[in-house]
file entry_27.pdb (PDB, C-alpha atoms)
ATOM      1  CA  MET O  14      11.405  -9.324  20.808
ATOM      2  CA  ASP O  15      13.441  -6.184  20.072
ATOM      3  CA  VAL O  16      14.908  -5.315  16.668
ATOM      4  CA  VAL O  17      17.079  -2.484  15.410
ATOM      5  CA  ILE O  18      16.272  -0.722  12.110
ATOM      6  CA  GLN O  19      19.074   1.620  11.083
ATOM      7  CA  ASP O  20      17.360   3.276   8.150
ATOM      8  CA  ASP O  21      14.331   5.406   7.220
ATOM      9  CA  PHE O  22      11.347   3.842   8.977
ATOM     10  CA  ASP O  23       8.208   5.749   9.983
ATOM     11  CA  LEU O  24       5.254   3.528  10.854
ATOM     12  CA  ASN O  25       2.653   6.255  10.454
ATOM     13  CA  LYS O  26       3.918   7.254   7.006
ATOM     14  CA  ILE O  27       4.161   3.621   5.927
ATOM     15  CA  ILE O  28       0.474   2.954   6.636
ATOM     16  CA  SER O  29      -0.867   6.294   5.404
ATOM     17  CA  CYS O  30       0.870   6.683   2.028
ATOM     18  CA  GLY O  31      -1.775   4.759   0.068
ATOM     19  CA  GLN O  32      -0.020   1.418  -0.401
ATOM     20  CA  CYS O  33      -1.851  -0.716   2.194
ATOM     21  CA  PHE O  34      -5.418  -0.702   3.417
ATOM     22  CA  ARG O  35      -5.572  -3.014   6.431
ATOM     23  CA  ALA O  36      -2.527  -2.038   8.469
ATOM     24  CA  LEU O  37      -3.498   0.317  11.277
ATOM     25  CA  PRO O  38      -2.407   1.832  14.593
ATOM     26  CA  VAL O  39      -3.793   0.185  17.715
ATOM     27  CA  GLU O  40      -3.460   0.752  21.452
ATOM     28  CA  GLU O  41      -0.298   1.830  23.267
ATOM     29  CA  GLU O  42       1.488   2.997  20.093
ATOM     30  CA  TRP O  43       1.409  -0.460  18.514
ATOM     31  CA  TYR O  44       0.811  -0.882  14.797
ATOM     32  CA  CYS O  45      -0.857  -3.976  13.334
ATOM     33  CA  PHE O  46       0.224  -5.431   9.978
ATOM     34  CA  PRO O  47      -1.826  -8.400   8.732
ATOM     35  CA  CYS O  48      -0.331 -10.134   5.691
ATOM     36  CA  GLY O  49      -1.502 -13.452   4.281
ATOM     37  CA  SER O  50      -1.831 -15.847   7.218
ATOM     38  CA  SER O  51       0.434 -13.777   9.509
ATOM     39  CA  VAL O  52      -0.209 -10.839  11.817
ATOM     40  CA  LEU O  53       2.577  -8.643  13.180
ATOM     41  CA  TYR O  54       2.382  -5.989  15.875
ATOM     42  CA  LEU O  55       5.278  -3.602  16.344
ATOM     43  CA  ARG O  56       6.012  -0.320  18.061
ATOM     44  CA  GLN O  57       8.946   2.027  18.350
ATOM     45  CA  THR O  58      10.651   1.964  21.747
ATOM     46  CA  GLY O  59      13.598   4.250  21.066
ATOM     47  CA  PRO O  60      15.819   5.648  18.308
ATOM     48  CA  GLU O  61      16.094   2.836  15.724
ATOM     49  CA  LYS O  62      14.627   0.368  18.262
ATOM     50  CA  TYR O  63      11.353  -1.526  17.842
ATOM     51  CA  GLU O  64       9.476  -4.196  19.743
ATOM     52  CA  VAL O  65       7.867  -6.863  17.546
ATOM     53  CA  THR O  66       5.486  -9.736  18.277
ATOM     54  CA  CYS O  67       7.256 -12.455  16.324
ATOM     55  CA  THR O  68      10.261 -14.695  16.714
ATOM     56  CA  ARG O  69      13.656 -13.670  15.384
ATOM     57  CA  GLN O  70      13.395 -16.355  12.715
ATOM     58  CA  GLU O  71      10.001 -15.016  11.578
ATOM     59  CA  TRP O  72      11.376 -11.496  11.507
ATOM     60  CA  ILE O  73      14.282 -12.557   9.317
ATOM     61  CA  SER O  74      12.329 -14.906   7.029
ATOM     62  CA  THR O  75       9.125 -12.890   6.597
ATOM     63  CA  TRP O  76       9.076  -9.359   7.913
ATOM     64  CA  GLN O  77      12.487  -8.081   6.800
ATOM     65  CA  ARG O  78      11.397  -8.776   3.240
ATOM     66  CA  TYR O  79       7.931  -7.351   3.896
ATOM     67  CA  PHE O  80       9.422  -4.013   5.015
ATOM     68  CA  ASP O  81      12.112  -4.063   2.292
ATOM     69  CA  LEU O  82      14.823  -3.823   4.929
ATOM     70  CA  ASP O  83      17.608  -5.097   2.673
ATOM     71  CA  ARG O  84      17.476  -1.769   0.817
ATOM     72  CA  SER O  85      18.836   1.516   2.209
ATOM     73  CA  TYR O  86      16.242   4.210   1.584
ATOM     74  CA  SER O  87      18.452   6.867   3.159
ATOM     75  CA  GLN O  88      21.183   6.075   0.634
ATOM     76  CA  LEU O  89      18.610   6.078  -2.150
ATOM     77  CA  ARG O  90      17.456   9.579  -1.180
ATOM     78  CA  LYS O  91      21.048  10.751  -0.942
ATOM     79  CA  ARG O  92      21.819   9.362  -4.398
ATOM     80  CA  LEU O  93      18.805  11.082  -5.987
ATOM     81  CA  LYS O  94      19.179  14.397  -4.179
ATOM     82  CA  GLY O  95      19.790  17.422  -6.391
ATOM     83  CA  ARG O  96      17.891  16.216  -9.448
ATOM     84  CA  ASP O  97      14.991  18.603  -8.778
ATOM     85  CA  PRO O  98      14.256  20.968  -5.847
ATOM     86  CA  LEU O  99      10.636  19.837  -5.493
ATOM     87  CA  LEU O 100      11.643  16.188  -5.673
ATOM     88  CA  ASP O 101      14.127  16.859  -2.875
ATOM     89  CA  GLN O 102      11.286  18.343  -0.805
ATOM     90  CA  ALA O 103       9.047  15.353  -1.510
ATOM     91  CA  MET O 104      11.735  12.852  -0.517
ATOM     92  CA  GLU O 105      12.501  14.743   2.685
ATOM     93  CA  TYR O 106       8.805  15.074   3.561
ATOM     94  CA  GLY O 107       8.183  11.366   2.896
ATOM     95  CA  LYS O 108      11.338  10.177   4.684
ATOM     96  CA  GLY O 109      10.370   7.015   6.539
ATOM     97  CA  ILE O 110       8.123   5.549   3.853
ATOM     98  CA  ARG O 111       9.050   2.027   2.773
ATOM     99  CA  ILE O 112       7.529  -0.038  -0.014
ATOM    100  CA  LEU O 113       5.837  -3.028   1.604
ATOM    101  CA  ARG O 114       6.074  -6.442  -0.067
ATOM    102  CA  GLN O 115       2.474  -7.501   0.456
ATOM    103  CA  ASP O 116       0.373 -10.498  -0.547
ATOM    104  CA  PRO O 117      -0.257 -10.304  -4.339
ATOM    105  CA  TRP O 118      -3.763 -11.791  -3.939
ATOM    106  CA  GLU O 119      -4.775  -9.090  -1.469
ATOM    107  CA  MET O 120      -3.177  -6.428  -3.664
ATOM    108  CA  LEU O 121      -5.103  -7.686  -6.703
ATOM    109  CA  LEU O 122      -8.479  -7.373  -5.004
ATOM    110  CA  THR O 123      -7.867  -4.254  -2.936
ATOM    111  CA  PHE O 124      -6.486  -2.237  -5.829
ATOM    112  CA  ILE O 125      -9.436  -3.299  -7.984
ATOM    113  CA  ILE O 126     -11.606  -1.988  -5.147
ATOM    114  CA  SER O 127      -9.515   1.204  -5.010
ATOM    115  CA  GLN O 128     -10.689   2.541  -8.366
ATOM    116  CA  ARG O 129     -12.433   5.888  -7.854
ATOM    117  CA  LYS O 130     -12.647   5.364  -4.101
ATOM    118  CA  SER O 131     -11.137   7.332  -1.231
ATOM    119  CA  ILE O 132      -8.640   5.569   1.035
ATOM    120  CA  PRO O 133     -11.122   5.390   3.976
ATOM    121  CA  ALA O 134     -13.735   3.840   1.655
ATOM    122  CA  ILE O 135     -11.209   1.291   0.356
ATOM    123  CA  ARG O 136     -10.274   0.399   3.930
ATOM    124  CA  ASN O 137     -13.931  -0.098   4.883
ATOM    125  CA  THR O 138     -14.679  -2.349   1.923
ATOM    126  CA  ALA O 139     -11.527  -4.438   2.416
ATOM    127  CA  GLU O 140     -12.281  -4.802   6.121
ATOM    128  CA  HIS O 141     -15.890  -5.832   5.467
ATOM    129  CA  LEU O 142     -14.648  -8.440   2.995
ATOM    130  CA  ALA O 143     -12.245  -9.826   5.604
ATOM    131  CA  GLU O 144     -14.804  -9.801   8.412
ATOM    132  CA  ARG O 145     -17.407 -11.612   6.341
ATOM    133  CA  TYR O 146     -15.246 -14.176   4.533
ATOM    134  CA  GLY O 147     -11.812 -14.253   6.207
ATOM    135  CA  ARG O 148     -10.559 -16.260   9.149
ATOM    136  CA  ARG O 149     -10.723 -14.696  12.607
ATOM    137  CA  VAL O 150      -7.432 -14.739  14.561
ATOM    138  CA  GLU O 151      -7.223 -13.885  18.256
ATOM    139  CA  THR O 152      -4.228 -11.810  19.327
ATOM    140  CA  ASP O 153      -3.156 -10.126  22.555
ATOM    141  CA  TYR O 154      -4.572  -6.905  21.126
ATOM    142  CA  GLY O 155      -7.930  -8.215  19.980
ATOM    143  CA  ALA O 156      -9.340 -10.146  17.054
ATOM    144  CA  VAL O 157      -7.962  -9.711  13.541
ATOM    145  CA  PHE O 158      -9.694 -10.990  10.422
ATOM    146  CA  LEU O 159      -7.287 -12.302   7.813
ATOM    147  CA  PHE O 160      -7.896 -11.364   4.203
ATOM    148  CA  PRO O 161      -9.955 -14.191   2.648
ATOM    149  CA  SER O 162      -8.072 -16.641   0.457
ATOM    150  CA  PRO O 163      -9.094 -17.482  -3.125
ATOM    151  CA  GLU O 164     -10.628 -20.722  -1.838
ATOM    152  CA  GLU O 165     -12.679 -18.868   0.764
ATOM    153  CA  LEU O 166     -14.089 -16.641  -1.983
ATOM    154  CA  ARG O 167     -14.563 -19.397  -4.554
ATOM    155  CA  ASP O 168     -18.369 -19.453  -4.307
ATOM    156  CA  ILE O 169     -18.998 -15.764  -3.740
ATOM    157  CA  THR O 170     -21.658 -14.238  -5.984
ATOM    158  CA  LEU O 171     -21.941 -10.912  -7.736
ATOM    159  CA  ASP O 172     -24.762  -9.843  -5.423
ATOM    160  CA  GLN O 173     -22.716 -10.737  -2.345
ATOM    161  CA  LEU O 174     -19.834  -8.637  -3.629
ATOM    162  CA  ARG O 175     -22.182  -5.726  -4.267
ATOM    163  CA  THR O 176     -23.451  -5.799  -0.668
ATOM    164  CA  LEU O 177     -19.897  -4.900   0.386
ATOM    165  CA  GLY O 178     -20.184  -1.546  -1.380
ATOM    166  CA  THR O 179     -18.047  -2.483  -4.364
ATOM    167  CA  GLY O 180     -20.432  -0.998  -6.950
ATOM    168  CA  TYR O 181     -19.389  -1.505 -10.556
ATOM    169  CA  ARG O 182     -16.145  -3.060  -9.320
ATOM    170  CA  ALA O 183     -18.038  -6.201  -8.255
ATOM    171  CA  GLU O 184     -17.812  -7.610 -11.795
ATOM    172  CA  TYR O 185     -14.077  -6.926 -11.887
ATOM    173  CA  LEU O 186     -13.592  -8.649  -8.532
ATOM    174  CA  LEU O 187     -15.612 -11.664  -9.584
ATOM    175  CA  ASP O 188     -13.509 -12.081 -12.732
ATOM    176  CA  ALA O 189     -10.286 -11.887 -10.702
ATOM    177  CA  ILE O 190     -11.557 -14.404  -8.144
ATOM    178  CA  ARG O 191     -12.626 -16.854 -10.830
ATOM    179  CA  ARG O 192      -9.382 -16.498 -12.804
ATOM    180  CA  VAL O 193      -7.277 -17.296  -9.742
ATOM    181  CA  ASN O 194      -9.461 -20.201  -8.616
ATOM    182  CA  ASP O 195      -9.610 -21.653 -12.140
ATOM    183  CA  GLY O 196      -5.836 -21.449 -12.517
ATOM    184  CA  LYS O 197      -6.002 -18.966 -15.389
ATOM    185  CA  LEU O 198      -4.098 -16.455 -13.295
ATOM    186  CA  ASP O 199      -1.198 -17.990 -11.350
ATOM    187  CA  LEU O 200      -0.228 -15.255  -8.907
ATOM    188  CA  THR O 201       2.752 -17.234  -7.619
ATOM    189  CA  GLY O 202       4.012 -18.027 -11.097
ATOM    190  CA  LEU O 203       3.812 -14.363 -12.125
ATOM    191  CA  ASP O 204       6.646 -13.591  -9.729
ATOM    192  CA  ALA O 205       9.110 -15.290 -12.080
ATOM    193  CA  LEU O 206       8.138 -13.116 -15.060
ATOM    194  CA  PRO O 207       9.873  -9.938 -16.212
ATOM    195  CA  SER O 208       7.937  -6.850 -15.183
ATOM    196  CA  GLY O 209       6.562  -6.223 -18.667
ATOM    197  CA  GLU O 210       5.040  -9.698 -18.864
ATOM    198  CA  LEU O 211       3.831  -9.457 -15.276
ATOM    199  CA  LEU O 212       1.939  -6.260 -16.080
ATOM    200  CA  HIS O 213       0.534  -7.776 -19.287
ATOM    201  CA  ASN O 214      -0.875 -10.754 -17.376
ATOM    202  CA  LEU O 215      -2.399  -8.563 -14.696
ATOM    203  CA  GLU O 216      -4.037  -6.321 -17.283
ATOM    204  CA  ALA O 217      -5.790  -9.391 -18.722
ATOM    205  CA  VAL O 218      -8.048  -9.341 -15.641
ATOM    206  CA  TYR O 219     -11.336  -7.560 -16.342
ATOM    207  CA  GLY O 220     -11.148  -3.998 -15.037
ATOM    208  CA  VAL O 221      -7.411  -3.972 -14.356
ATOM    209  CA  GLY O 222      -5.761  -1.130 -16.230
ATOM    210  CA  LYS O 223      -2.212   0.179 -16.253
ATOM    211  CA  LYS O 224      -2.465   2.067 -12.957
ATOM    212  CA  VAL O 225      -3.918  -0.861 -10.987
ATOM    213  CA  ALA O 226      -1.511  -3.342 -12.603
ATOM    214  CA  ASN O 227       1.446  -1.154 -11.637
ATOM    215  CA  CYS O 228       0.135  -0.886  -8.061
ATOM    216  CA  ILE O 229      -0.087  -4.688  -7.808
ATOM    217  CA  ALA O 230       3.384  -5.087  -9.322
ATOM    218  CA  LEU O 231       4.898  -2.487  -6.995
ATOM    219  CA  PHE O 232       3.211  -3.388  -3.715
ATOM    220  CA  GLY O 233       2.616  -7.103  -4.260
ATOM    221  CA  TYR O 234       5.692  -8.173  -6.211
ATOM    222  CA  GLY O 235       8.275  -5.623  -5.128
ATOM    223  CA  ARG O 236       8.777  -4.311  -8.670
ATOM    224  CA  THR O 237      10.066  -0.944  -7.547
ATOM    225  CA  GLU O 238      10.727   0.134 -11.118
ATOM    226  CA  CYS O 239       6.953   0.249 -11.716
ATOM    227  CA  VAL O 240       5.247   3.626 -11.395
ATOM    228  CA  PRO O 241       1.478   3.773 -10.825
ATOM    229  CA  VAL O 242       0.116   6.993 -12.334
ATOM    230  CA  ASP O 243      -3.139   8.144 -10.757
ATOM    231  CA  VAL O 244      -4.792  11.576 -10.660
ATOM    232  CA  TRP O 245      -2.366  12.817  -7.975
ATOM    233  CA  ILE O 246       0.737  11.772  -9.870
ATOM    234  CA  SER O 247      -0.659  13.106 -13.161
ATOM    235  CA  ARG O 248      -1.361  16.417 -11.464
ATOM    236  CA  ALA O 249       2.121  16.535  -9.943
ATOM    237  CA  ILE O 250       3.779  15.856 -13.298
ATOM    238  CA  ARG O 251       1.668  18.536 -14.971
ATOM    239  CA  ASP O 252       1.686  21.250 -12.323
ATOM    240  CA  SER O 253       4.869  20.689 -10.323
ATOM    241  CA  PHE O 254       7.330  19.182 -12.793
ATOM    242  CA  GLY O 255       6.441  21.101 -15.955
ATOM    243  CA  GLY O 256       4.964  18.092 -17.725
ATOM    244  CA  THR O 257       8.158  16.032 -17.428
ATOM    245  CA  SER O 258       8.093  12.865 -15.354
ATOM    246  CA  PRO O 259      10.478  13.110 -12.386
ATOM    247  CA  PHE O 260      10.732   9.309 -12.360
ATOM    248  CA  GLU O 261      12.690   9.040 -15.587
ATOM    249  CA  GLY O 262      16.223   7.988 -14.817
ATOM    250  CA  CYS O 263      15.364   6.655 -11.357
ATOM    251  CA  GLY O 264      15.707   3.043 -12.549
ATOM    252  CA  ASN O 265      14.501   0.450 -10.095
ATOM    253  CA  ALA O 266      13.844   3.184  -7.517
ATOM    254  CA  ALA O 267      11.167   4.895  -9.650
ATOM    255  CA  GLY O 268       8.269   3.325  -7.748
ATOM    256  CA  ILE O 269       9.738   4.393  -4.413
ATOM    257  CA  VAL O 270      10.148   7.948  -5.669
ATOM    258  CA  GLN O 271       6.551   7.826  -6.866
ATOM    259  CA  GLN O 272       5.434   7.137  -3.292
ATOM    260  CA  TYR O 273       7.372  10.135  -2.010
ATOM    261  CA  VAL O 274       5.757  12.366  -4.638
ATOM    262  CA  PHE O 275       2.283  10.909  -4.062
ATOM    263  CA  TYR O 276       2.494  11.377  -0.287
ATOM    264  CA  TYR O 277       3.870  14.914  -0.596
ATOM    265  CA  THR O 278       1.426  16.031  -3.297
ATOM    266  CA  LYS O 279      -1.651  14.671  -1.542
ATOM    267  CA  ALA O 280      -0.681  16.148   1.834
ATOM    268  CA  HIS O 281       0.138  19.567   0.438
ATOM    269  CA  ALA O 282      -2.971  19.666  -1.727
ATOM    270  CA  ALA O 283      -5.060  19.096   1.399
ATOM    271  CA  ALA O 284      -3.161  21.839   3.227
ATOM    272  CA  ALA O 285      -3.591  24.222   0.286
ATOM    273  CA  GLY O 286      -7.308  23.458   0.225
ATOM    274  CA  ARG O 287      -7.669  24.222   3.935
ATOM    275  CA  HIS O 288      -5.714  27.449   3.494
ATOM    276  CA  ALA O 289      -7.919  28.548   0.592
ATOM    277  CA  GLN O 290     -11.044  27.763   2.613
ATOM    278  CA  ASN O 291      -9.779  29.770   5.584
ATOM    279  CA  VAL O 292      -8.936  32.733   3.350
ATOM    280  CA  SER O 293     -12.403  32.576   1.807
ATOM    281  CA  GLN O 294     -14.104  32.417   5.205
ATOM    282  CA  ASN O 295     -12.030  35.275   6.593
ATOM    283  CA  SER O 296     -12.673  37.397   3.522
ATOM    284  CA  GLY O 297     -16.380  36.711   3.858
ATOM    285  CA  SER O 298     -16.500  37.726   7.500
ATOM    286  CA  VAL O 299     -14.638  40.988   6.780
ATOM    287  CA  SER O 300     -16.851  41.923   3.856
ATOM    288  CA  ALA O 301     -19.956  41.123   5.866
TER     289      ALA O 301
END

call {"tool": "encode", "arguments": {"input": "entry_27.pdb", "output": "structure tokens"}}
result
Amino acid sequence: MDVVIQDDFDLNKIISCGQCFRALPVEEEWYCFPCGSSVLYLRQTGPEKYEVTCTRQEWISTWQRYFDLDRSYSQLRKRLKGRDPLLDQAMEYGKGIRILRQDPWEMLLTFIISQRKSIPAIRNTAEHLAERYGRRVETDYGAVFLFPSPEELRDITLDQLRTLGTGYRAEYLLDAIRRVNDGKLDLTGLDALPSGELLHNLEAVYGVGKKVANCIALFGYGRTECVPVDVWISRAIRDSFGGTSPFEGCGNAAGIVQQYVFYYTKAHAAAAGRHAQNVSQNSGSVSA
């Protein structure tokens, strides 16, 4: 089926900006997005045109919400333009990013896993968890393993979690799994709470601090006013914005702006590092 998306929408930026760990590009320019019990493939076929592997009803009922398509990101960027030159650069560079409305259960576990791990390492651990405990689904583009449900992980042990490369996070994961299965943490019920109470409940899980709780709220519950502050965002606030948060005054768009800044800062830090390395190598060869 074909759909038209008349707004910022860049599949590569969406999957590489640090908000999801199991969406990936596959053959023939298709991108795969597993979420809960559903799997979507889509690819761009022209300006604002995309081919998707779902029915129109599924697109409207599930995937429009997933991709936050009821919000105009181009209008958001236009409204915020001029507040700060560097922020303008970050928004332009990240144009096409959208905040995905993902499964809160998957967000809970994957962002616990994410602590002090690189994105490739998070992806590997999440994929191993799905392959070992999730349900295998056959698609036209190969097998996909769904993220395991709370019930599928009910009897998992600490040692089994450690074999997945979770390290010290295994105890945090086990607490989260038990809380959800025992009914102490009602992930569905949390959706009805104000953001402050939502964050408070998430932080009650062993090992879930403010940053992880804000990630879950932003990417699992669509609370776009929540701003996860990790080392990249802290560095950007300190070094690029003079110690003043650029997210103040952004209201319920603050979390979206955070993604622009995160994506821009991380990409340009990598480029700066490569440049410094090249300068060092060139200097060394001249002096030699």

call {"tool": "closest_residue", "arguments": {"input": "entry_27.pdb", "among": "O:Ile132, O:Leu93, O:Ile112, O:Leu122", "to": "O:Thr237", "atoms": "all atoms listed in the file"}}
result
O:Ile112

call {"tool": "residues_around", "arguments": {"input": "entry_27.pdb", "residues": "O:Arg84", "least_positions_apart": "2", "cutoff": "12 Å", "atoms": "all atoms listed in the file", "output": "list in words"}}
result
Ile18, Gln19, Asp20, Asp21, Phe22, Gln77, Arg78, Tyr79, Phe80, Asp81, Leu82, Tyr86, Ser87, Gln88, Leu89, Arg90, Arg111, Ile112, Leu113, Gly235, Thr237, Asn265, Ala266 and Ile269 of chain O

call {"tool": "resolve_selection", "arguments": {"input": "entry_27.pdb", "expression": "the PyMOL selection byres ((chain O and resi 203-220) around 8)", "output": "NGL selection string"}}
result
:O and (125 or 182 or 184-185 or 188-189 or 192 or 198-202 or 221-223 or 226-227 or 230 or 234 or 236 or 239)

call {"tool": "residues_around", "arguments": {"input": "entry_27.pdb", "residues": "O:Ser258", "least_positions_apart": "6", "cutoff": "12 Å", "atoms": "only C-alpha atoms", "output": "PyMOL selection string"}}
result
chain O and resi 96-97+100+240+242+246-252+267+270-271+274

call {"tool": "resolve_selection", "arguments": {"input": "entry_27.pdb", "expression": "the PyMOL selection byres ((chain O and resi 163) around 10)", "output": "JSON, numbers by chain"}}
result
{"O": [118, 119, 160, 161, 162, 164, 165, 166, 167, 168, 189, 190, 191, 192, 193, 194, 195]}

call {"tool": "closest_residue", "arguments": {"input": "entry_27.pdb", "among": "O:Thr278, O:Ser131, O:Ser51, O:Ser29", "to": "O:Cys67", "atoms": "only C-alpha atoms"}}
result
O:Ser51

call {"tool": "closest_residue", "arguments": {"input": "entry_27.pdb", "among": "O:Cys48, O:Ile126, O:Ile169, O:Leu187", "to": "O:Tyr146", "atoms": "all atoms listed in the file"}}
result
O:Ile169

call {"tool": "resolve_selection", "arguments": {"input": "entry_27.pdb", "expression": "the PyMOL selection byres ((chain O and resi 177) around 12)", "output": "tab-separated table (two decimals) with C-alpha atoms, in the coordinates of the input"}}
result
chain	number	residue	atom	x	y	z
O	126	ILE	CA	-11.61	-1.99	-5.15
O	134	ALA	CA	-13.74	3.84	1.66
O	135	ILE	CA	-11.21	1.29	0.36
O	136	ARG	CA	-10.27	0.40	3.93
O	137	ASN	CA	-13.93	-0.10	4.88
O	138	THR	CA	-14.68	-2.35	1.92
O	139	ALA	CA	-11.53	-4.44	2.42
O	140	GLU	CA	-12.28	-4.80	6.12
O	141	HIS	CA	-15.89	-5.83	5.47
O	142	LEU	CA	-14.65	-8.44	3.00
O	143	ALA	CA	-12.24	-9.83	5.60
O	144	GLU	CA	-14.80	-9.80	8.41
O	145	ARG	CA	-17.41	-11.61	6.34
O	146	TYR	CA	-15.25	-14.18	4.53
O	169	ILE	CA	-19.00	-15.76	-3.74
O	170	THR	CA	-21.66	-14.24	-5.98
O	171	LEU	CA	-21.94	-10.91	-7.74
O	172	ASP	CA	-24.76	-9.84	-5.42
O	173	GLN	CA	-22.72	-10.74	-2.35
O	174	LEU	CA	-19.83	-8.64	-3.63
O	175	ARG	CA	-22.18	-5.73	-4.27
O	176	THR	CA	-23.45	-5.80	-0.67
O	178	GLY	CA	-20.18	-1.55	-1.38
O	179	THR	CA	-18.05	-2.48	-4.36
O	180	GLY	CA	-20.43	-1.00	-6.95
O	181	TYR	CA	-19.39	-1.50	-10.56
O	182	ARG	CA	-16.14	-3.06	-9.32
O	183	ALA	CA	-18.04	-6.20	-8.26
O	186	LEU	CA	-13.59	-8.65	-8.53

call {"tool": "closest_residue", "arguments": {"input": "entry_27.pdb", "among": "O:Tyr63, O:Tyr277, O:Phe254, O:Trp72", "to": "O:Trp43", "atoms": "all atoms listed in the file"}}
result
O:Tyr63

call {"tool": "atom_distance", "arguments": {"input": "entry_27.pdb", "atom1": "atom CA of O:Phe158", "atom2": "atom CA of O:Met120"}}
result
16.2 Å

call {"tool": "residues_around", "arguments": {"input": "entry_27.pdb", "residues": "O:Glu42", "least_positions_apart": "4", "cutoff": "9 Å", "atoms": "all atoms listed in the file", "output": "list in words"}}
result
Pro38, Leu55, Arg56 and Gln57 of chain O

call {"tool": "residues_near_point", "arguments": {"input": "entry_27.pdb", "point": "(6.1, -1.3, 15.2)", "cutoff": "12 Å", "atoms": "only C-alpha atoms", "output": "PyMOL selection string"}}
result
chain O and resi 14-18+22-25+27-28+36-46+52-59+61-67+76+80

call {"tool": "atom_distance", "arguments": {"input": "entry_27.pdb", "atom1": "atom CA of O:Asp243", "atom2": "atom CA of O:Cys263"}}
result
18.6 Å

call {"tool": "atom_distance", "arguments": {"input": "entry_27.pdb", "atom1": "atom CA of O:Pro241", "atom2": "atom CA of O:Lys197"}}
result
24.4 Å

call {"tool": "axis_aligned_box", "arguments": {"input": "entry_27.pdb", "around": "stretch 260-275 of chain O", "padding_each_side": "8 Å", "output": "JSON"}}
result
{"center_x": 9.3, "center_y": 6.4, "center_z": -8.8, "size_x": 29.9, "size_y": 27.9, "size_z": 29.6}
